[in-house]
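Source file: work.txt; contents: compact mmCIF, C-alpha atoms.
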```txt
# COMPACT_ATOMS: atom_id res chain seq x y z
CA MET A 23 2.79 65.83 48.29
CA THR A 24 5.06 67.58 45.86
CA THR A 25 2.77 70.58 45.25
CA PRO A 26 1.04 72.37 48.14
CA CYS A 27 -2.62 71.42 48.52
CA PRO A 28 -4.86 74.52 48.49
CA LEU A 29 -7.26 72.88 50.95
CA CYS A 30 -4.51 71.97 53.40
CA GLN A 31 -3.37 75.56 53.45
CA ALA A 32 -6.45 77.74 53.45
CA SER A 33 -6.18 81.37 52.40
CA ALA A 34 -8.80 84.09 52.30
CA GLU A 35 -11.63 81.74 53.20
CA ASP A 36 -14.93 82.92 54.61
CA ARG A 37 -14.93 80.38 57.41
CA VAL A 38 -18.29 80.06 59.18
CA TRP A 39 -17.59 77.20 61.54
CA ALA A 40 -14.81 74.76 62.38
CA ASN A 41 -13.82 72.06 64.80
CA ALA A 42 -10.66 69.97 65.07
CA GLU A 43 -11.68 67.78 62.14
CA LEU A 44 -13.39 69.96 59.61
CA ARG A 45 -14.37 73.46 58.58
CA VAL A 46 -17.40 74.94 56.83
CA ILE A 47 -16.89 77.89 54.50
CA LEU A 48 -19.13 80.14 52.48
CA VAL A 49 -17.80 80.15 48.94
CA GLN A 50 -17.50 83.36 46.95
CA GLU A 51 -19.14 82.05 43.81
CA PRO A 52 -21.01 84.85 42.00
CA ASP A 53 -23.54 82.52 40.36
CA TYR A 54 -24.29 80.62 43.57
CA PRO A 55 -24.76 82.76 46.67
CA GLY A 56 -25.06 80.52 49.69
CA LEU A 57 -22.84 77.77 48.25
CA CYS A 58 -21.16 76.10 51.24
CA ARG A 59 -18.18 73.80 51.35
CA VAL A 60 -17.43 71.31 54.10
CA ILE A 61 -13.70 70.58 54.15
CA TRP A 62 -12.14 67.71 56.05
CA ARG A 63 -8.94 68.82 57.74
CA GLU A 64 -6.80 65.79 57.06
CA HIS A 65 -5.46 65.38 53.52
CA VAL A 66 -7.28 62.27 52.34
CA ALA A 67 -8.83 61.74 48.94
CA GLU A 68 -11.85 59.47 49.30
CA MET A 69 -14.67 58.97 51.77
CA THR A 70 -13.69 55.32 52.11
CA ASP A 71 -10.22 56.43 53.20
CA LEU A 72 -11.88 57.53 56.45
CA ALA A 73 -12.84 55.25 59.29
CA ALA A 74 -16.60 54.77 59.60
CA ASP A 75 -16.94 57.02 62.64
CA ALA A 76 -14.99 59.87 61.01
CA ARG A 77 -17.07 59.46 57.88
CA ALA A 78 -20.24 59.71 59.96
CA ARG A 79 -19.01 62.90 61.63
CA LEU A 80 -18.16 64.47 58.27
CA MET A 81 -21.59 63.58 56.91
CA ALA A 82 -23.28 64.89 60.07
CA ALA A 83 -21.74 68.26 59.21
CA VAL A 84 -22.92 67.98 55.61
CA TRP A 85 -26.47 67.23 56.75
CA ALA A 86 -26.35 70.13 59.23
CA VAL A 87 -25.29 72.42 56.39
CA GLU A 88 -27.95 71.07 54.06
CA ALA A 89 -30.60 71.60 56.71
CA ALA A 90 -29.41 75.18 57.33
CA VAL A 91 -29.38 75.94 53.60
CA ARG A 92 -32.93 74.64 53.27
CA VAL A 93 -34.29 76.56 56.23
CA ALA A 94 -32.49 79.83 55.52
CA LEU A 95 -32.59 79.96 51.71
CA LYS A 96 -35.50 77.71 50.69
CA PRO A 97 -33.85 76.46 47.48
CA ALA A 98 -35.73 74.50 44.82
CA LYS A 99 -33.14 71.72 45.33
CA VAL A 100 -29.91 71.11 47.19
CA ASN A 101 -27.02 69.57 45.26
CA LEU A 102 -24.36 67.60 47.13
CA ALA A 103 -21.07 66.59 45.57
CA SER A 104 -17.66 65.29 46.54
CA LEU A 105 -15.55 65.32 43.39
CA GLY A 106 -11.92 66.24 44.08
CA ASN A 107 -10.51 65.58 40.63
CA GLN A 108 -8.64 68.88 40.72
CA VAL A 109 -7.95 68.95 44.46
CA PRO A 110 -7.95 65.40 45.88
CA HIS A 111 -8.57 66.51 49.45
CA LEU A 112 -11.99 65.55 50.83
CA HIS A 113 -14.51 68.35 50.56
CA TRP A 114 -18.23 68.50 50.00
CA HIS A 115 -20.09 71.10 47.97
CA VAL A 116 -23.55 71.95 49.33
CA ILE A 117 -25.18 73.98 46.60
CA PRO A 118 -28.55 75.74 46.87
CA ARG A 119 -30.21 75.56 43.47
CA PHE A 120 -33.05 77.71 42.21
CA ARG A 121 -35.19 77.50 39.12
CA ASP A 122 -33.70 79.91 36.58
CA ASP A 123 -30.28 79.97 38.23
CA ALA A 124 -27.37 80.00 35.76
CA HIS A 125 -27.46 76.25 35.05
CA PHE A 126 -30.78 74.89 36.34
CA PRO A 127 -31.76 72.06 35.91
CA ASP A 128 -28.25 71.04 34.87
CA ALA A 129 -25.31 70.59 37.22
CA ILE A 130 -23.43 73.80 38.02
CA TRP A 131 -20.43 72.40 36.12
CA ALA A 132 -22.38 72.21 32.85
CA ALA A 133 -22.52 74.95 30.23
CA ARG A 134 -24.54 77.85 31.57
CA ARG A 135 -28.08 78.29 30.32
CA ARG A 136 -28.64 81.93 31.29
CA PRO A 137 -26.75 84.94 32.62
CA GLY A 138 -26.91 86.45 36.08
CA LEU A 139 -28.89 85.43 39.11
CA ALA A 140 -32.38 83.99 39.33
CA PRO A 141 -34.92 86.31 40.98
CA ALA A 142 -34.98 84.14 44.11
CA GLN A 143 -31.19 84.29 44.42
CA LYS A 144 -31.27 88.08 44.57
CA GLU A 145 -33.43 87.93 47.68
CA LEU A 146 -31.32 85.47 49.67
CA ASP A 147 -30.57 86.35 53.28
CA LEU A 148 -26.99 85.18 53.76
CA GLY A 149 -26.92 86.61 57.27
CA LEU A 150 -29.73 84.24 58.18
CA LEU A 151 -27.79 81.43 56.53
CA ARG A 152 -24.76 82.17 58.73
CA THR A 153 -26.71 82.16 61.97
CA THR A 154 -28.58 79.02 60.96
CA LEU A 155 -25.34 77.27 60.01
CA LEU A 156 -23.84 78.14 63.38
CA ALA A 157 -26.87 76.92 65.28
CA ASN A 158 -27.12 73.68 63.30
CA LEU A 159 -23.42 72.88 63.41
CA ASP A 160 -23.13 73.65 67.10
CA THR A 161 -25.96 71.29 67.94
CA ARG A 162 -25.62 68.57 65.33
CA ALA A 163 -22.00 68.28 64.23
CA LYS A 164 -20.28 69.35 67.48
CA MET B 261 -46.91 63.85 41.56
CA THR B 262 -48.50 64.95 38.29
CA THR B 263 -45.88 63.36 36.02
CA PRO B 264 -44.55 59.85 36.61
CA CYS B 265 -41.15 59.78 38.28
CA PRO B 266 -38.67 57.70 36.23
CA LEU B 267 -36.93 56.55 39.41
CA CYS B 268 -40.16 55.43 41.07
CA GLN B 269 -40.94 53.30 38.05
CA ALA B 270 -37.74 51.67 36.92
CA SER B 271 -37.48 50.33 33.38
CA ALA B 272 -34.64 48.51 31.65
CA GLU B 273 -32.28 48.98 34.56
CA ASP B 274 -29.19 46.83 35.06
CA ARG B 275 -29.93 46.19 38.73
CA VAL B 276 -27.01 44.69 40.62
CA TRP B 277 -28.39 44.64 44.15
CA ALA B 278 -31.49 45.73 46.05
CA ASN B 279 -33.14 45.54 49.41
CA ALA B 280 -36.48 46.89 50.64
CA GLU B 281 -35.15 50.47 50.83
CA LEU B 282 -32.79 50.96 47.93
CA ARG B 283 -31.32 49.53 44.75
CA VAL B 284 -27.92 49.74 43.11
CA ILE B 285 -27.72 49.83 39.34
CA LEU B 286 -24.94 49.84 36.77
CA VAL B 287 -25.58 52.75 34.44
CA GLN B 288 -25.22 52.38 30.67
CA GLU B 289 -23.14 55.51 30.19
CA PRO B 290 -20.73 55.06 27.26
CA ASP B 291 -18.15 57.54 28.60
CA TYR B 292 -18.20 56.10 32.12
CA PRO B 293 -18.11 52.31 32.33
CA GLY B 294 -18.58 51.27 35.93
CA LEU B 295 -20.74 54.25 36.84
CA CYS B 296 -23.10 53.09 39.60
CA ARG B 297 -26.26 54.67 40.93
CA VAL B 298 -27.73 54.10 44.37
CA ILE B 299 -31.44 54.85 44.29
CA TRP B 300 -33.58 55.24 47.39
CA ARG B 301 -36.92 53.51 46.92
CA GLU B 302 -39.15 56.12 48.50
CA HIS B 303 -39.85 59.27 46.50
CA VAL B 304 -38.14 61.93 48.59
CA ALA B 305 -36.05 64.79 47.28
CA GLU B 306 -33.37 65.61 49.84
CA MET B 307 -31.11 63.71 52.21
CA THR B 308 -32.47 65.75 55.11
CA ASP B 309 -35.96 64.53 54.24
CA LEU B 310 -34.84 61.16 55.58
CA ALA B 311 -34.64 60.22 59.23
CA ALA B 312 -31.06 59.94 60.47
CA ASP B 313 -31.07 56.14 60.55
CA ALA B 314 -32.41 55.86 57.00
CA ARG B 315 -29.83 58.40 55.86
CA ALA B 316 -27.10 56.31 57.45
CA ARG B 317 -28.33 53.17 55.71
CA LEU B 318 -28.38 54.92 52.34
CA MET B 319 -24.86 56.22 52.87
CA ALA B 320 -23.68 52.79 54.00
CA ALA B 321 -24.72 51.54 50.58
CA VAL B 322 -22.93 54.45 48.89
CA TRP B 323 -19.72 53.68 50.79
CA ALA B 324 -20.04 49.98 49.96
CA VAL B 325 -20.36 50.90 46.29
CA GLU B 326 -17.44 53.33 46.46
CA ALA B 327 -15.28 50.66 48.10
CA ALA B 328 -16.23 48.11 45.43
CA VAL B 329 -15.50 50.58 42.64
CA ARG B 330 -12.08 51.30 44.11
CA VAL B 331 -11.13 47.68 44.59
CA ALA B 332 -12.45 46.40 41.27
CA LEU B 333 -11.65 49.32 38.96
CA LYS B 334 -8.82 51.24 40.65
CA PRO B 335 -9.94 54.67 39.43
CA ALA B 336 -7.80 57.79 39.77
CA LYS B 337 -10.68 59.31 41.77
CA VAL B 338 -14.24 58.52 42.76
CA ASN B 339 -16.85 61.24 42.31
CA LEU B 340 -19.98 61.21 44.47
CA ALA B 341 -23.00 63.35 43.75
CA SER B 342 -26.64 63.70 44.71
CA LEU B 343 -28.12 66.37 42.46
CA GLY B 344 -31.71 65.60 41.46
CA ASN B 345 -32.52 68.84 39.68
CA GLN B 346 -34.04 66.91 36.80
CA VAL B 347 -35.41 64.00 38.82
CA PRO B 348 -36.01 65.05 42.44
CA HIS B 349 -35.96 61.50 43.79
CA LEU B 350 -32.96 60.69 45.99
CA HIS B 351 -30.18 58.96 44.08
CA TRP B 352 -26.41 58.97 44.33
CA HIS B 353 -23.99 58.81 41.42
CA VAL B 354 -20.79 56.91 42.20
CA ILE B 355 -18.50 57.67 39.30
CA PRO B 356 -15.10 56.08 38.68
CA ARG B 357 -12.85 58.70 37.12
CA PHE B 358 -9.65 58.14 35.21
CA ARG B 359 -6.99 60.50 33.95
CA ASP B 360 -7.76 61.18 30.31
CA ASP B 361 -11.39 60.17 30.59
CA ALA B 362 -13.78 62.35 28.57
CA HIS B 363 -13.90 65.18 31.15
CA PHE B 364 -11.01 64.70 33.55
CA PRO B 365 -10.25 66.65 35.72
CA ASP B 366 -13.59 68.42 35.28
CA ALA B 367 -16.94 67.12 36.47
CA ILE B 368 -18.64 64.71 34.07
CA TRP B 369 -21.33 67.33 33.50
CA ALA B 370 -18.85 69.84 32.08
CA ALA B 371 -17.98 70.22 28.40
CA ARG B 372 -15.97 67.22 27.27
CA ARG B 373 -12.24 67.60 26.86
CA ARG B 374 -11.52 64.57 24.69
CA PRO B 375 -13.36 61.85 22.73
CA GLY B 376 -13.70 58.20 23.60
CA LEU B 377 -12.43 56.26 26.57
CA ALA B 378 -9.18 56.63 28.47
CA PRO B 379 -6.79 53.69 28.08
CA ALA B 380 -7.50 52.56 31.65
CA GLN B 381 -11.26 52.57 31.00
CA LYS B 382 -10.86 50.12 28.10
CA GLU B 383 -9.33 47.57 30.46
CA LEU B 384 -12.00 47.68 33.17
CA ASP B 385 -13.34 44.37 34.45
CA LEU B 386 -17.02 45.04 35.00
CA GLY B 387 -17.61 41.41 35.93
CA LEU B 388 -15.25 41.87 38.83
CA LEU B 389 -17.10 45.06 39.73
CA ARG B 390 -20.40 43.15 39.89
CA THR B 391 -19.08 40.43 42.16
CA THR B 392 -17.36 42.98 44.38
CA LEU B 393 -20.51 45.08 44.60
CA LEU B 394 -22.53 42.05 45.62
CA ALA B 395 -20.03 41.00 48.27
CA ASN B 396 -19.71 44.53 49.70
CA LEU B 397 -23.41 45.28 49.71
CA ASP B 398 -24.32 41.91 51.23
CA THR B 399 -21.92 42.44 54.11
CA ARG B 400 -22.02 46.19 54.64
CA ALA B 401 -25.37 47.54 53.54
CA LYS B 402 -27.57 44.45 54.31
```

What do you get writing this file as structure tokens?
Amino acid sequence: MTTPCPLCQASAEDRVWANAELRVILVQEPDYPGLCRVIWREHVAEMTDLAADARARLMAAVWAVEAAVRVALKPAKVNLASLGNQVPHLHWHVIPRFRDDAHFPDAIWAARRRPGLAPAQKELDLGLLRTTLLANLDTRAK
Amino acid sequence: MTTPCPLCQASAEDRVWANAELRVILVQEPDYPGLCRVIWREHVAEMTDLAADARARLMAAVWAVEAAVRVALKPAKVNLASLGNQVPHLHWHVIPRFRDDAHFPDAIWAARRRPGLAPAQKELDLGLLRTTLLANLDTRAK
């Protein structure tokens, strides 16, 4: 590494949960309240760079986050993505999507279709999301 | 279902591999040769709608596809995404990305940065990708 990786050296993250291998953060993304990121601790680029058991543990955390997002926020759809073109350090976006959010039904990386938050996004209980994330991750991802 | 789901009723797909639960297709996407899609057969929307063992089998196919894409095409990065806002039927995009492709380093759903294919994309051996997909899926996804 010649330039520091921003995911190796976290700063000002809203970290909800972590273990020795990964952390789960709530992302400050104005258009997408409740957007979570699951970040693998080791600096590797691709899922198939991980051994099968490590891969399974990372995905167990992603599923625990998805389940928490669904229970706590009741989105119209959950979007999952591991891209890493800008920061090639394994991380998963778990994105609660709502009809009439800024880009629905397009991906959140597309041109926006409308300003501001959807009505359902204004009512989200992010405190409930935090407690549900903790409960799910404690029991399912360990 | 009031409208037919385009992923329940496949038409004109370039299907590379299938078993009773899922199929893998090569997508005709001019900007992204080698883009693969892994489509779960059952009409369910979210990963956490699946039982854990089914989820693991679907992801085993995704990893087998990612590994084949890496070996056969040597992309700069692989992008993985399960979105489904437009078609809420579980499917994974496995996208080989190259520096100077139409959107790099942005997501493929963003505004394009440049026309046409990157030099590396013009040299891709999609025949090799097919044989590698078959070998990987036969041994790893079953």

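Residue-level contact on chain A: within 6 Å of chain B, counting all atoms listed in the file, the set is Asn101, Leu102, Ala103, Ser104, Leu105, Asn107, Gln108, Pro127, Trp131 and Ala132 of chain A.
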
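Our summary of the geometry notes that atom CA of Leu310 of chain B is positioned 28.1 Å from atom CA of Ala140 of chain A.
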
Worksheet item: Arg374 of chain B: which residues within 10 Å, counting all atoms listed in the file, same-chain residues fewer than 6 positions away excluded, as a list in words?
Response: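 Near neighbours after the sequence-gap exclusion: Asp360, Asp361, Ala362, His363 and Phe364 of chain B.
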
Keeping only C-alpha atoms, write those residues as a compact mmCIF listing (two decimals), keeping the file's coordinate frame.
```
# COMPACT_ATOMS: atom_id res chain seq x y z
CA ASP B 360 -7.76 61.18 30.31
CA ASP B 361 -11.39 60.17 30.59
CA ALA B 362 -13.78 62.35 28.57
CA HIS B 363 -13.90 65.18 31.15
CA PHE B 364 -11.01 64.70 33.55
```

Discussion item. Between atom CA of His303 of chain B and atom CA of Pro97 of chain A, what distance in Å does the model show, to one decimal?
Written reply: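 Value for the atom CA of His303 of chain B-atom CA of Pro97 of chain A distance: 18.2 Å.
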
Worksheet item: How many Å separate atom CA of Ala272 of chain B from atom CA of Arg390 of chain B?
Response: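 According to the coordinates, atom CA of Ala272 of chain B and atom CA of Arg390 of chain B are separated by 17.3 Å.
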
Worksheet item: Which one of B:Arg317, B:Arg400, B:Arg373, B:His349 sits closest to Gln269 of chain B if you count only C-alpha atoms?
Response: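 Closest to Gln269 of chain B, using only C-alpha atoms: B:His349.
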
Fill in: Surrounding residues of Gly387 of chain B excluding itself and chain neighbours under 4 positions, 9 Å, all atoms listed in the file, as JSON, numbers by chain
{"B": [332, 391, 392]}

Practice prompt. Could you give me, as number ranges by chain, the residues within 10 Å of Trp300 of chain B, counting all atoms listed in the file and dropping anything in the same chain fewer than 6 positions from it?
Written response: B: 267-268, 278-284, 314-315, 318, 349-352

Keeping N, CA, C and O atoms (and nothing else), can you write segment 102-124 of chain A of this structure as a compact mmCIF listing (two decimals), in the first residue's frame?
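The result, stored in out_14.txt:
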```txt
# COMPACT_ATOMS: atom_id res chain seq x y z
N LEU A 102 -27.97 -4.93 -1.54
CA LEU A 102 -26.67 -5.39 -1.04
C LEU A 102 -25.64 -5.19 -2.13
O LEU A 102 -25.89 -5.53 -3.29
N ALA A 103 -24.48 -4.66 -1.76
CA ALA A 103 -23.44 -4.47 -2.78
C ALA A 103 -22.07 -4.47 -2.15
O ALA A 103 -21.84 -3.90 -1.09
N SER A 104 -21.15 -5.14 -2.84
CA SER A 104 -19.72 -5.10 -2.54
C SER A 104 -19.04 -4.65 -3.82
O SER A 104 -18.95 -5.42 -4.78
N LEU A 105 -18.62 -3.41 -3.86
CA LEU A 105 -18.07 -2.83 -5.09
C LEU A 105 -16.56 -2.65 -4.92
O LEU A 105 -15.77 -3.43 -5.41
N GLY A 106 -16.15 -1.60 -4.20
CA GLY A 106 -14.73 -1.46 -3.87
C GLY A 106 -13.86 -0.97 -5.01
O GLY A 106 -12.64 -1.18 -4.97
N ASN A 107 -14.45 -0.32 -6.00
CA ASN A 107 -13.62 0.23 -7.07
C ASN A 107 -12.78 1.40 -6.57
O ASN A 107 -11.66 1.60 -7.01
N GLN A 108 -13.35 2.17 -5.67
CA GLN A 108 -12.64 3.33 -5.13
C GLN A 108 -11.78 2.94 -3.94
O GLN A 108 -10.68 3.47 -3.78
N VAL A 109 -12.29 2.06 -3.11
CA VAL A 109 -11.55 1.59 -1.93
C VAL A 109 -11.56 0.06 -1.96
O VAL A 109 -12.52 -0.56 -1.52
N PRO A 110 -10.49 -0.54 -2.50
CA PRO A 110 -10.49 -2.00 -2.66
C PRO A 110 -10.16 -2.73 -1.37
O PRO A 110 -9.16 -3.44 -1.25
N HIS A 111 -11.04 -2.53 -0.40
CA HIS A 111 -10.94 -3.18 0.91
C HIS A 111 -12.36 -3.67 1.18
O HIS A 111 -13.30 -2.87 1.23
N LEU A 112 -12.51 -4.97 1.37
CA LEU A 112 -13.83 -5.62 1.42
C LEU A 112 -14.81 -4.92 2.34
O LEU A 112 -14.58 -4.81 3.55
N HIS A 113 -15.91 -4.48 1.79
CA HIS A 113 -16.98 -3.91 2.61
C HIS A 113 -18.30 -4.10 1.86
O HIS A 113 -18.34 -4.06 0.63
N TRP A 114 -19.33 -4.33 2.65
CA TRP A 114 -20.66 -4.52 2.08
C TRP A 114 -21.57 -3.36 2.47
O TRP A 114 -21.63 -2.97 3.64
N HIS A 115 -22.29 -2.84 1.48
CA HIS A 115 -23.34 -1.86 1.72
C HIS A 115 -24.66 -2.60 1.90
O HIS A 115 -25.00 -3.45 1.07
N VAL A 116 -25.37 -2.30 2.97
CA VAL A 116 -26.72 -2.84 3.19
C VAL A 116 -27.64 -1.63 3.24
O VAL A 116 -27.61 -0.85 4.19
N ILE A 117 -28.43 -1.49 2.19
CA ILE A 117 -29.11 -0.22 1.94
C ILE A 117 -30.62 -0.40 1.99
O ILE A 117 -31.20 -1.08 1.12
N PRO A 118 -31.29 0.20 2.97
CA PRO A 118 -32.76 0.14 2.99
C PRO A 118 -33.33 1.09 1.94
O PRO A 118 -33.03 2.28 1.96
N ARG A 119 -34.13 0.54 1.06
CA ARG A 119 -34.71 1.34 -0.02
C ARG A 119 -36.21 1.49 0.17
O ARG A 119 -36.89 0.55 0.63
N PHE A 120 -36.70 2.64 -0.18
CA PHE A 120 -38.12 2.95 -0.03
C PHE A 120 -38.64 3.55 -1.33
O PHE A 120 -37.91 4.31 -2.00
N ARG A 121 -39.88 3.21 -1.65
CA ARG A 121 -40.49 3.84 -2.82
C ARG A 121 -40.45 5.35 -2.60
O ARG A 121 -40.69 5.83 -1.49
N ASP A 122 -40.09 6.06 -3.64
CA ASP A 122 -39.96 7.53 -3.58
C ASP A 122 -38.75 8.00 -2.80
O ASP A 122 -38.67 9.18 -2.46
N ASP A 123 -37.77 7.09 -2.53
CA ASP A 123 -36.49 7.63 -2.04
C ASP A 123 -35.79 8.32 -3.21
O ASP A 123 -36.31 8.37 -4.33
N ALA A 124 -34.61 8.88 -2.98
CA ALA A 124 -34.00 9.77 -3.98
C ALA A 124 -33.78 9.11 -5.34
O ALA A 124 -33.77 9.79 -6.37
```
